[in-house]
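Structure record follows, encoded as structure tokens.
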Amino acid sequence: MINIVLFGKPGAGKGTQAEFLKEKYNLQHISTGDVFRYNLKNDTPLGKEARVFMDAGDLVPDELTTKMLIDEVNKHLDSNGILFDGYPRTIGQAEALDAFLPTIGSKVNATVALEADDNILVARLLERGKTSGRIDDQDEEKIRNRYQEYNEKTAPLIGYYKDQNKFHAVNGIGTIEEITERLTAVIDNL
Ligand SMILES: Nc1ncnc2c1ncn2[C@@H]1O[C@H](COP(=O)(O)OP(=O)(O)O)[C@@H](O)[C@H]1O
């Protein structure tokens, strides 16, 4: 398996790029945000637990998130590899992933980050909020809170993966095609 972590702030374009990368490299795309939203919509026990955190723009606690993630990975053990989108988002989650993947004979091969300026990203999210129906995209305060969560809890992962020589960053500003090309240039060189 080749496992790639797609990394970036809220609104950086991870979901958009994941659609292209999963096709190109025949990877299974796992978006924790999408799995949570599915559970919210269907009002499952997991959805009920996650809702209060998600609606506020807070991270869902690690234990709940990691359990869900492992369940998802276990559904796709026969895949060519996994494109992780939205996980890990804390050092605890990264450590959990590094503990879990070897148990299925696998590892994180690389982390690829989409970089963009906060002001551009906040504007993108507010625009998305007009049509997506996502509560967490409709209120600037909730968006700012997601950035605070990112800065406090997720940004330290850059150092975590740099220490493992697995961190690659690309410029996330440009057309969708330009950014896909930058990402594929990195992945093709792994
Ligand atoms: N790995 C994770 N750990 C904790 N919470 C998560 C994780 N992934 C998603 N969530 C929850 O789902 C929400 C939406 O996730 P996502 O669609 O990836 O958001 P964004 O567009 O902000 O990057 C997050 O704000 C958070 O509440």
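Residues are referred to by chain and number: the chain letter is A, B, ... according to the order shown in the structure tokens, the number counts from 1 in that chain, and ligands are numbered separately from 1 in the order shown.
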
**Message:** Could you list, as a list in words, all residues that come within 7 Å of ligand 1? Count only C-alpha atoms and all ligand atoms.
**Reply:** Lys9, Pro10, Gly11, Ser31, Thr32, Gly33, Asp34, Phe36, Phe53, Met54, Gly57, Asp58, Leu59, Val60, Pro61, Asp62, Thr65, Asp85, Gly86, Tyr87, Pro88, Arg89 and Arg146 of chain A

**Prompt:** Looking only at the backbone, which of the residues in region 22-175 of chain A does DSSP tag as strand (DSSP E or B), as a VMD selection string?
**Reply:** chain A and resid 28 to 31 82 to 85 110 to 115 167 to 171

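The smallest atom-to-atom distance between Thr111 (chain A) and any of A:Ile176, A:Ile70, A:Val35, A:Val5, using only C-alpha atoms, is found for A:Val5.
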
**Message:** Can you tell me, as a count of residues only, which residues in region 71-183 of chain A count as alpha helix (DSSP H) by DSSP?
**Reply:** 55

**Message:** Set the distance at 12 Å and use only C-alpha atoms: which residues neighbour region 15-17 of chain A once local chain neighbours fewer than 2 positions away are removed? I'd like the list as an MDAnalysis selection string.
**Reply:** chainID A and resid 6:13 19:24 29:34 83:86 112:114 172 175:184

**Fill in**
Using only C-alpha atoms, the residue out of A:Val122, A:Ile135, A:Ala110, A:Ala116 with shortest distance to Lys162 (chain A) is A:Ala110

List the neighbours of Tyr160 (chain A) out to 12 Å using only C-alpha atoms; skip same-chain residues closer than 2 positions along the sequence, and give me the result as a PDB file with all heavy atoms, in the first residue's frame.
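Output contents, as saved in part_35.pdb:
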ATOM      1  N   PRO A  88      -4.125  12.655  10.040  1.00  0.00           N
ATOM      2  CA  PRO A  88      -4.244  13.099  11.425  1.00  0.00           C
ATOM      3  C   PRO A  88      -4.315  14.622  11.526  1.00  0.00           C
ATOM      4  O   PRO A  88      -3.832  15.333  10.655  1.00  0.00           O
ATOM      5  CB  PRO A  88      -2.953  12.583  12.061  1.00  0.00           C
ATOM      6  CG  PRO A  88      -1.964  12.556  10.941  1.00  0.00           C
ATOM      7  CD  PRO A  88      -2.750  12.230   9.708  1.00  0.00           C
ATOM      8  N   ARG A  89      -4.926  15.081  12.599  1.00  0.00           N
ATOM      9  CA  ARG A  89      -5.036  16.517  12.848  1.00  0.00           C
ATOM     10  C   ARG A  89      -4.446  16.897  14.202  1.00  0.00           C
ATOM     11  O   ARG A  89      -4.530  18.066  14.585  1.00  0.00           O
ATOM     12  CB  ARG A  89      -6.500  16.900  12.847  1.00  0.00           C
ATOM     13  CG  ARG A  89      -6.935  17.665  11.618  1.00  0.00           C
ATOM     14  CD  ARG A  89      -8.425  17.831  11.752  1.00  0.00           C
ATOM     15  NE  ARG A  89      -8.947  18.909  11.033  1.00  0.00           N
ATOM     16  CZ  ARG A  89      -9.682  18.790   9.918  1.00  0.00           C
ATOM     17  NH1 ARG A  89      -9.840  17.625   9.358  1.00  0.00           N
ATOM     18  NH2 ARG A  89     -10.228  19.834   9.392  1.00  0.00           N
ATOM     19  N   THR A  90      -3.911  15.933  14.919  1.00  0.00           N
ATOM     20  CA  THR A  90      -3.225  16.215  16.186  1.00  0.00           C
ATOM     21  C   THR A  90      -2.031  15.257  16.259  1.00  0.00           C
ATOM     22  O   THR A  90      -2.005  14.225  15.574  1.00  0.00           O
ATOM     23  CB  THR A  90      -4.130  15.920  17.420  1.00  0.00           C
ATOM     24  OG1 THR A  90      -4.396  14.511  17.449  1.00  0.00           O
ATOM     25  CG2 THR A  90      -5.441  16.685  17.384  1.00  0.00           C
ATOM     26  N   ILE A  91      -1.088  15.602  17.134  1.00  0.00           N
ATOM     27  CA  ILE A  91       0.050  14.707  17.332  1.00  0.00           C
ATOM     28  C   ILE A  91      -0.438  13.347  17.832  1.00  0.00           C
ATOM     29  O   ILE A  91       0.038  12.300  17.393  1.00  0.00           O
ATOM     30  CB  ILE A  91       1.058  15.328  18.343  1.00  0.00           C
ATOM     31  CG1 ILE A  91       1.685  16.596  17.755  1.00  0.00           C
ATOM     32  CG2 ILE A  91       2.114  14.312  18.773  1.00  0.00           C
ATOM     33  CD1 ILE A  91       2.802  16.384  16.763  1.00  0.00           C
ATOM     34  N   GLY A  92      -1.429  13.367  18.715  1.00  0.00           N
ATOM     35  CA  GLY A  92      -1.978  12.101  19.234  1.00  0.00           C
ATOM     36  C   GLY A  92      -2.508  11.223  18.104  1.00  0.00           C
ATOM     37  O   GLY A  92      -2.294  10.012  18.092  1.00  0.00           O
ATOM     38  N   GLN A  93      -3.182  11.853  17.136  1.00  0.00           N
ATOM     39  CA  GLN A  93      -3.715  11.085  16.002  1.00  0.00           C
ATOM     40  C   GLN A  93      -2.584  10.559  15.122  1.00  0.00           C
ATOM     41  O   GLN A  93      -2.646   9.434  14.616  1.00  0.00           O
ATOM     42  CB  GLN A  93      -4.665  11.951  15.170  1.00  0.00           C
ATOM     43  CG  GLN A  93      -5.953  12.312  15.911  1.00  0.00           C
ATOM     44  CD  GLN A  93      -6.885  13.189  15.092  1.00  0.00           C
ATOM     45  OE1 GLN A  93      -6.714  13.348  13.889  1.00  0.00           O
ATOM     46  NE2 GLN A  93      -7.893  13.760  15.749  1.00  0.00           N
ATOM     47  N   ALA A  94      -1.546  11.379  14.930  1.00  0.00           N
ATOM     48  CA  ALA A  94      -0.413  10.933  14.098  1.00  0.00           C
ATOM     49  C   ALA A  94       0.270   9.734  14.756  1.00  0.00           C
ATOM     50  O   ALA A  94       0.649   8.768  14.085  1.00  0.00           O
ATOM     51  CB  ALA A  94       0.585  12.068  13.902  1.00  0.00           C
ATOM     52  N   GLU A  95       0.398   9.794  16.078  1.00  0.00           N
ATOM     53  CA  GLU A  95       1.023   8.675  16.785  1.00  0.00           C
ATOM     54  C   GLU A  95       0.141   7.431  16.703  1.00  0.00           C
ATOM     55  O   GLU A  95       0.641   6.316  16.537  1.00  0.00           O
ATOM     56  CB  GLU A  95       1.281   9.066  18.248  1.00  0.00           C
ATOM     57  CG  GLU A  95       2.423  10.072  18.358  1.00  0.00           C
ATOM     58  CD  GLU A  95       2.613  10.646  19.762  1.00  0.00           C
ATOM     59  OE1 GLU A  95       1.727  10.440  20.628  1.00  0.00           O
ATOM     60  OE2 GLU A  95       3.626  11.330  19.981  1.00  0.00           O
ATOM     61  N   ASP A  98       0.659   5.987  13.308  1.00  0.00           N
ATOM     62  CA  ASP A  98       1.965   5.324  13.228  1.00  0.00           C
ATOM     63  C   ASP A  98       1.999   4.020  14.038  1.00  0.00           C
ATOM     64  O   ASP A  98       2.846   3.161  13.794  1.00  0.00           O
ATOM     65  CB  ASP A  98       3.077   6.260  13.727  1.00  0.00           C
ATOM     66  CG  ASP A  98       3.535   7.223  12.634  1.00  0.00           C
ATOM     67  OD1 ASP A  98       3.188   7.003  11.454  1.00  0.00           O
ATOM     68  OD2 ASP A  98       4.235   8.200  12.957  1.00  0.00           O
ATOM     69  N   ALA A 110       4.094   9.434   2.769  1.00  0.00           N
ATOM     70  CA  ALA A 110       4.414  10.856   2.651  1.00  0.00           C
ATOM     71  C   ALA A 110       3.235  11.708   3.092  1.00  0.00           C
ATOM     72  O   ALA A 110       2.081  11.276   3.049  1.00  0.00           O
ATOM     73  CB  ALA A 110       4.754  11.189   1.201  1.00  0.00           C
ATOM     74  N   THR A 111       3.576  12.920   3.506  1.00  0.00           N
ATOM     75  CA  THR A 111       2.564  13.925   3.821  1.00  0.00           C
ATOM     76  C   THR A 111       2.752  15.057   2.827  1.00  0.00           C
ATOM     77  O   THR A 111       3.869  15.546   2.654  1.00  0.00           O
ATOM     78  CB  THR A 111       2.787  14.443   5.255  1.00  0.00           C
ATOM     79  OG1 THR A 111       2.591  13.355   6.134  1.00  0.00           O
ATOM     80  CG2 THR A 111       1.835  15.541   5.615  1.00  0.00           C
ATOM     81  N   LYS A 153      -3.256  22.769  17.376  1.00  0.00           N
ATOM     82  CA  LYS A 153      -3.191  21.304  17.451  1.00  0.00           C
ATOM     83  C   LYS A 153      -2.655  20.635  16.196  1.00  0.00           C
ATOM     84  O   LYS A 153      -2.038  19.577  16.282  1.00  0.00           O
ATOM     85  CB  LYS A 153      -4.592  20.751  17.755  1.00  0.00           C
ATOM     86  CG  LYS A 153      -5.106  21.259  19.097  1.00  0.00           C
ATOM     87  CD  LYS A 153      -6.517  20.804  19.375  1.00  0.00           C
ATOM     88  CE  LYS A 153      -7.022  21.375  20.698  1.00  0.00           C
ATOM     89  NZ  LYS A 153      -8.485  21.193  20.817  1.00  0.00           N
ATOM     90  N   THR A 154      -2.915  21.227  15.023  1.00  0.00           N
ATOM     91  CA  THR A 154      -2.544  20.546  13.779  1.00  0.00           C
ATOM     92  C   THR A 154      -1.179  20.992  13.257  1.00  0.00           C
ATOM     93  O   THR A 154      -0.394  20.160  12.792  1.00  0.00           O
ATOM     94  CB  THR A 154      -3.631  20.759  12.702  1.00  0.00           C
ATOM     95  OG1 THR A 154      -4.902  20.409  13.263  1.00  0.00           O
ATOM     96  CG2 THR A 154      -3.383  19.904  11.475  1.00  0.00           C
ATOM     97  N   ALA A 155      -0.870  22.288  13.368  1.00  0.00           N
ATOM     98  CA  ALA A 155       0.413  22.783  12.840  1.00  0.00           C
ATOM     99  C   ALA A 155       1.626  22.006  13.384  1.00  0.00           C
ATOM    100  O   ALA A 155       2.592  21.786  12.639  1.00  0.00           O
ATOM    101  CB  ALA A 155       0.546  24.283  13.088  1.00  0.00           C
ATOM    102  N   PRO A 156       1.626  21.570  14.657  1.00  0.00           N
ATOM    103  CA  PRO A 156       2.787  20.797  15.138  1.00  0.00           C
ATOM    104  C   PRO A 156       3.080  19.532  14.329  1.00  0.00           C
ATOM    105  O   PRO A 156       4.191  18.997  14.396  1.00  0.00           O
ATOM    106  CB  PRO A 156       2.400  20.443  16.587  1.00  0.00           C
ATOM    107  CG  PRO A 156       1.446  21.519  16.998  1.00  0.00           C
ATOM    108  CD  PRO A 156       0.657  21.847  15.748  1.00  0.00           C
ATOM    109  N   LEU A 157       2.117  19.071  13.538  1.00  0.00           N
ATOM    110  CA  LEU A 157       2.370  17.874  12.725  1.00  0.00           C
ATOM    111  C   LEU A 157       3.403  18.127  11.636  1.00  0.00           C
ATOM    112  O   LEU A 157       4.043  17.184  11.146  1.00  0.00           O
ATOM    113  CB  LEU A 157       1.075  17.408  12.057  1.00  0.00           C
ATOM    114  CG  LEU A 157       0.021  16.831  12.996  1.00  0.00           C
ATOM    115  CD1 LEU A 157      -1.243  16.519  12.217  1.00  0.00           C
ATOM    116  CD2 LEU A 157       0.557  15.569  13.639  1.00  0.00           C
ATOM    117  N   ILE A 158       3.559  19.393  11.250  1.00  0.00           N
ATOM    118  CA  ILE A 158       4.566  19.710  10.223  1.00  0.00           C
ATOM    119  C   ILE A 158       5.938  19.249  10.728  1.00  0.00           C
ATOM    120  O   ILE A 158       6.672  18.551  10.026  1.00  0.00           O
ATOM    121  CB  ILE A 158       4.553  21.219   9.886  1.00  0.00           C
ATOM    122  CG1 ILE A 158       3.178  21.611   9.310  1.00  0.00           C
ATOM    123  CG2 ILE A 158       5.688  21.578   8.925  1.00  0.00           C
ATOM    124  CD1 ILE A 158       2.969  23.113   9.147  1.00  0.00           C
ATOM    125  N   LYS A 162       8.284  16.313   9.360  1.00  0.00           N
ATOM    126  CA  LYS A 162       9.624  16.731   8.899  1.00  0.00           C
ATOM    127  C   LYS A 162      10.687  15.875   9.573  1.00  0.00           C
ATOM    128  O   LYS A 162      11.656  15.458   8.938  1.00  0.00           O
ATOM    129  CB  LYS A 162       9.869  18.210   9.210  1.00  0.00           C
ATOM    130  CG  LYS A 162       9.293  19.142   8.165  1.00  0.00           C
ATOM    131  CD  LYS A 162       9.705  20.589   8.413  1.00  0.00           C
ATOM    132  CE  LYS A 162       9.181  21.466   7.290  1.00  0.00           C
ATOM    133  NZ  LYS A 162       9.206  22.894   7.642  1.00  0.00           N
ATOM    134  N   ASP A 163      10.492  15.617  10.853  1.00  0.00           N
ATOM    135  CA  ASP A 163      11.462  14.790  11.584  1.00  0.00           C
ATOM    136  C   ASP A 163      11.577  13.393  10.973  1.00  0.00           C
ATOM    137  O   ASP A 163      12.608  12.737  11.083  1.00  0.00           O
ATOM    138  CB  ASP A 163      11.062  14.638  13.061  1.00  0.00           C
ATOM    139  CG  ASP A 163      11.317  15.914  13.846  1.00  0.00           C
ATOM    140  OD1 ASP A 163      12.004  16.809  13.320  1.00  0.00           O
ATOM    141  OD2 ASP A 163      10.795  16.029  14.983  1.00  0.00           O
ATOM    142  N   GLN A 164      10.505  12.947  10.346  1.00  0.00           N
ATOM    143  CA  GLN A 164      10.530  11.618   9.696  1.00  0.00           C
ATOM    144  C   GLN A 164      10.903  11.732   8.215  1.00  0.00           C
ATOM    145  O   GLN A 164      10.794  10.738   7.477  1.00  0.00           O
ATOM    146  CB  GLN A 164       9.144  10.963   9.795  1.00  0.00           C
ATOM    147  CG  GLN A 164       8.660  10.683  11.211  1.00  0.00           C
ATOM    148  CD  GLN A 164       7.370   9.834  11.205  1.00  0.00           C
ATOM    149  OE1 GLN A 164       6.941   9.317  10.175  1.00  0.00           O
ATOM    150  NE2 GLN A 164       6.747   9.708  12.361  1.00  0.00           N
ATOM    151  N   ASN A 165      11.273  12.951   7.778  1.00  0.00           N
ATOM    152  CA  ASN A 165      11.578  13.212   6.352  1.00  0.00           C
ATOM    153  C   ASN A 165      10.431  12.841   5.420  1.00  0.00           C
ATOM    154  O   ASN A 165      10.646  12.332   4.322  1.00  0.00           O
ATOM    155  CB  ASN A 165      12.826  12.439   5.900  1.00  0.00           C
ATOM    156  CG  ASN A 165      14.068  13.055   6.481  1.00  0.00           C
ATOM    157  OD1 ASN A 165      14.167  14.278   6.561  1.00  0.00           O
ATOM    158  ND2 ASN A 165      14.994  12.220   6.924  1.00  0.00           N
ATOM    159  N   LYS A 166       9.211  13.138   5.875  1.00  0.00           N
ATOM    160  CA  LYS A 166       8.045  12.764   5.062  1.00  0.00           C
ATOM    161  C   LYS A 166       7.207  13.977   4.665  1.00  0.00           C
ATOM    162  O   LYS A 166       6.115  13.807   4.141  1.00  0.00           O
ATOM    163  CB  LYS A 166       7.159  11.799   5.848  1.00  0.00           C
ATOM    164  CG  LYS A 166       7.752  10.418   5.996  1.00  0.00           C
ATOM    165  CD  LYS A 166       6.826   9.508   6.770  1.00  0.00           C
ATOM    166  CE  LYS A 166       7.449   8.142   6.954  1.00  0.00           C
ATOM    167  NZ  LYS A 166       6.698   7.348   7.930  1.00  0.00           N
ATOM    168  N   PHE A 167       7.683  15.162   4.967  1.00  0.00           N
ATOM    169  CA  PHE A 167       6.845  16.353   4.740  1.00  0.00           C
ATOM    170  C   PHE A 167       7.209  17.044   3.433  1.00  0.00           C
ATOM    171  O   PHE A 167       8.359  17.385   3.193  1.00  0.00           O
ATOM    172  CB  PHE A 167       7.004  17.329   5.913  1.00  0.00           C
ATOM    173  CG  PHE A 167       6.004  18.446   5.867  1.00  0.00           C
ATOM    174  CD1 PHE A 167       4.712  18.247   6.336  1.00  0.00           C
ATOM    175  CD2 PHE A 167       6.339  19.680   5.339  1.00  0.00           C
ATOM    176  CE1 PHE A 167       3.770  19.269   6.282  1.00  0.00           C
ATOM    177  CE2 PHE A 167       5.405  20.711   5.274  1.00  0.00           C
ATOM    178  CZ  PHE A 167       4.126  20.495   5.755  1.00  0.00           C
TER     179      PHE A 167
END

**Request:** Can you work out which one of A:Asn74, A:Leu40, A:Gly174, A:Glu141 has the shortest atom-to-atom distance to Ile120 (chain A), counting only C-alpha atoms?
**Result:**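 Closest residue, counting only C-alpha atoms: A:Gly174.
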
**Message:** Counting only C-alpha atoms, which residue out of A:Val108, A:Leu64, A:Leu121, A:Ala185 sits closest to Ile4 (chain A)?
**Reply:** A:Val108

**Message:** What does the structure give for the distance between CA of Asp118 (chain A) and CA of Arg144 (chain A), in Å to one decimal?
**Reply:**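 Going from CA of Asp118 (chain A) over to CA of Arg144 (chain A) covers 9.5 Å.
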